[in-house]
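Shown next, in structure tokens, is the structure this report addresses.
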Amino acid sequence: MVHIPKTSWPPPFRVTRASHLTYSVRDLSRSREFYTQVLGLVVSDEERDTLYLRGVEERSHHSLVLKRTSGTPACIRTGLRTYDEEDLDKAKSFFAGRGLPAEFVEAPYQSRTLHTFDSSGTPLELCASMSRVERVDQKFEALHGGGALRFDHYQVTVPDVEKAASFYAEFGFRIGDYMMIGDVPIGVFLHVKDTLYDVVFIRRPGPALHHFGYIVSGINDIIRACDVAGSLGYGDNVEFGPGRHSLGHSYYVYLLDPDGHRVELLPPPIYYGDRDDGPLVYDLSGVSRVTESWGLPPRQNWLTNASPFEGVARTSPPPGGPEPSLEAYLRMS
């Protein structure tokens with residue numbers, strides 16, 4: 001019998017959504033061009049070594065923070081939003097009670113901010129609010145590229161999917177899709193908002209950040225982002241897609257930024273808000289198409305490459321898993 005981690009209700013503290021990420025990059029000006037012209041993000045603030053970006057319909061000050069580095073680019077923190085300040089105090093007690101480092105820090109444009117780690121070693125940042133800014137979704141003359149609307153989710157590679165899913169379910173995340181090979185969990189979609197994913201875990205060496213996703217209005221915006229990428233010399237950065245996910249329920253395209261960080265553009269996901277929308281379990285044993293319902297499979301680098309977390313070592317799961325790559329597909333053709 002398949003064991004599916006149970007969501008704690010009521011949760012020990014309330015998380016409202018996955019909200020932001022912080023990355024390091026080598027060249028801020030080049031990254032600025034990519035994220036504003038190809039994806040269509042808006043600059044909220046810019047300092048010598050830091051760039052704050054948001055989607056065109058976001059009122060929170062930022063959903064992506066880019067910091068200049070002279071070293072290896074990495075993901076510094078993944079961000080979650082709590083319902084209020086009281087939930088931050090409860091979150092600190094929750095993480096500290098499980099032996100995980102948890103401390104309050106000052107972060108620009110954010111309320112009191114908690115730095116901690118999840119059970120897999122993913123560095124987390126939680127805050128209850130940010131400075132408010134203007135939505136620009138109606139300023140059509142200022143929209144660029146894919147016109148990315150808002151931050152949606154991020155995906156982390158981990159060696160133990162069940163451990164990761166159980167930890168997040170313990171503080172209120174619900175499981176949408178649960179992917180197995182026989183009795184081994186290989187993937188899970190977790191959410192707290194009313195669409196299918198906020199945080200996704202996939203069984204691979206980790207922890208590492210596989211990708212993060214921004215919502216666009218529709219498939220035409222995905223195509224426009226690809227067109228602009230090609231026009232600006234980023235054609236090779238269109239890594240996988242456009243296509244349609246089988247389990248992800250959505251059109252997609254994955255692009256690599258100038259430092260190799262991976263971002264997905266996708267239309268608004270399906271609704272998954274009712275509490276009796278229980279987990280769906282998929283046994284992928286013998287399945288030839290895991291990521292796409294049509295089109296070519298992903299290249300091997302999409303399956304294996306991920307952004308390291310700064311200062312966090314990776315461990316590997318036992319080998320195995322049905323993830324046919326484009327290279328394998330072409331060898332069989």
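Residue numbering restarts at 1 for every chain of the structure tokens, chains are lettered A, B, ... in their displayed order, and ligands are numbered from 1 as they appear.
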
Residue neighbourhood segment 272-276 of chain A, 10 Å, only C-alpha atoms, exclusion window fewer than 4 positions, as a PyMOL selection string: chain A and resi 174+176+191-197

Writing out the chosen residues with C-alpha atoms as a CSV table (one decimal), in the first residue's frame:
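The resulting file, again.csv, is reproduced below:
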chain,number,residue,atom,x,y,z
A,174,ARG,CA,-1.1,19.8,0.7
A,176,GLY,CA,-1.5,17.5,-5.3
A,191,HIS,CA,0.8,23.6,-2.5
A,192,VAL,CA,-0.9,26.0,0.0
A,193,LYS,CA,-2.5,28.4,-2.5
A,194,ASP,CA,-5.4,27.2,-4.7
A,195,THR,CA,-3.4,26.0,-7.7
A,196,LEU,CA,-1.4,22.8,-7.9
A,197,TYR,CA,2.1,23.8,-6.9

Skipping near chain neighbours, those fewer than 6 positions away, what residues fall within 12 Å of Ala96 of chain A using only C-alpha atoms, listed as a PDB file with C-alpha atoms, in the first residue's frame?
ATOM      1  CA  ASP A  89       7.241  33.367  15.585  1.00  0.00           C
ATOM      2  CA  LYS A  90       5.453  30.010  15.401  1.00  0.00           C
ATOM      3  CA  ALA A 102      16.440  29.436  12.720  1.00  0.00           C
ATOM      4  CA  GLU A 103      17.187  33.133  13.211  1.00  0.00           C
ATOM      5  CA  PHE A 104      15.533  36.456  12.473  1.00  0.00           C
ATOM      6  CA  LEU A 114      13.304  34.256   9.270  1.00  0.00           C
ATOM      7  CA  HIS A 115      16.267  32.318   7.871  1.00  0.00           C
ATOM      8  CA  THR A 116      16.192  28.548   8.312  1.00  0.00           C
ATOM      9  CA  PHE A 117      16.494  25.237   6.435  1.00  0.00           C
ATOM     10  CA  ASP A 118      14.079  22.441   5.586  1.00  0.00           C
ATOM     11  CA  SER A 119      14.734  18.770   6.385  1.00  0.00           C
TER      12      SER A 119
END

Nearest candidate to Leu39 of chain A (options A:Ala128, A:Ala208, A:Ile270, A:Val56; using only C-alpha atoms):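 Looking only at the distances to Leu39 of chain A, the closest residue turns out to be A:Val56.
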
Nearest to Gly55 of chain A by atom-to-atom distance, counting only C-alpha atoms, from A:Ser31, A:Thr36, A:Ser316, A:Thr7: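 Looking at the shortest contact to Gly55 of chain A, the residue is A:Thr36.
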
Residue neighbourhood segment 225-232 of chain A, 6 Å, only C-alpha atoms, exclusion window fewer than 5 positions, as a ChimeraX atom specification: /A:38,145-146

C-alpha atoms of the current selection, written as a PDB file, in the first residue's frame:
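What ended up in again_9.pdb:
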ATOM      1  CA  VAL A  38      12.798  38.187 -22.437  1.00  0.00           C
ATOM      2  CA  GLY A 145       8.830  39.834 -23.753  1.00  0.00           C
ATOM      3  CA  GLY A 146       6.611  37.248 -22.093  1.00  0.00           C
TER       4      GLY A 146
END

Hey, what does DSSP flag as alpha helix (DSSP H) within segment 78-153 of chain A? Can you give it to me as an mmCIF file with C-alpha atoms, in the first residue's frame?
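Writing done, so here's out-v2.cif:
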data_model
loop_
_atom_site.group_PDB
_atom_site.id
_atom_site.type_symbol
_atom_site.label_atom_id
_atom_site.label_comp_id
_atom_site.auth_asym_id
_atom_site.auth_seq_id
_atom_site.Cartn_x
_atom_site.Cartn_y
_atom_site.Cartn_z
ATOM 1 C CA GLU A 85 3.945 38.137 12.032
ATOM 2 C CA GLU A 86 2.612 35.777 14.682
ATOM 3 C CA ASP A 87 3.038 32.910 12.215
ATOM 4 C CA LEU A 88 6.718 33.871 11.849
ATOM 5 C CA ASP A 89 7.241 33.367 15.585
ATOM 6 C CA LYS A 90 5.453 30.010 15.401
ATOM 7 C CA ALA A 91 7.584 29.055 12.383
ATOM 8 C CA LYS A 92 10.788 29.822 14.297
ATOM 9 C CA SER A 93 9.653 27.527 17.114
ATOM 10 C CA PHE A 94 8.704 24.818 14.617
ATOM 11 C CA PHE A 95 12.078 24.738 12.857
ATOM 12 C CA ALA A 96 14.142 25.175 16.022
ATOM 13 C CA GLY A 97 12.161 22.383 17.675
#

Residue among A:Ser60, A:Ser19, A:Thr113, A:Ser307 lying closest to Gly79 of chain A, counting only C-alpha atoms: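 Counting only C-alpha atoms, the residue closest to Gly79 of chain A is A:Ser19.
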
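Ranking A:Asp257, A:Glu239, A:Asp152, A:Glu57 by their shortest atom-to-atom distance to Ser24 of chain A, with only C-alpha atoms included, puts A:Asp257 first.
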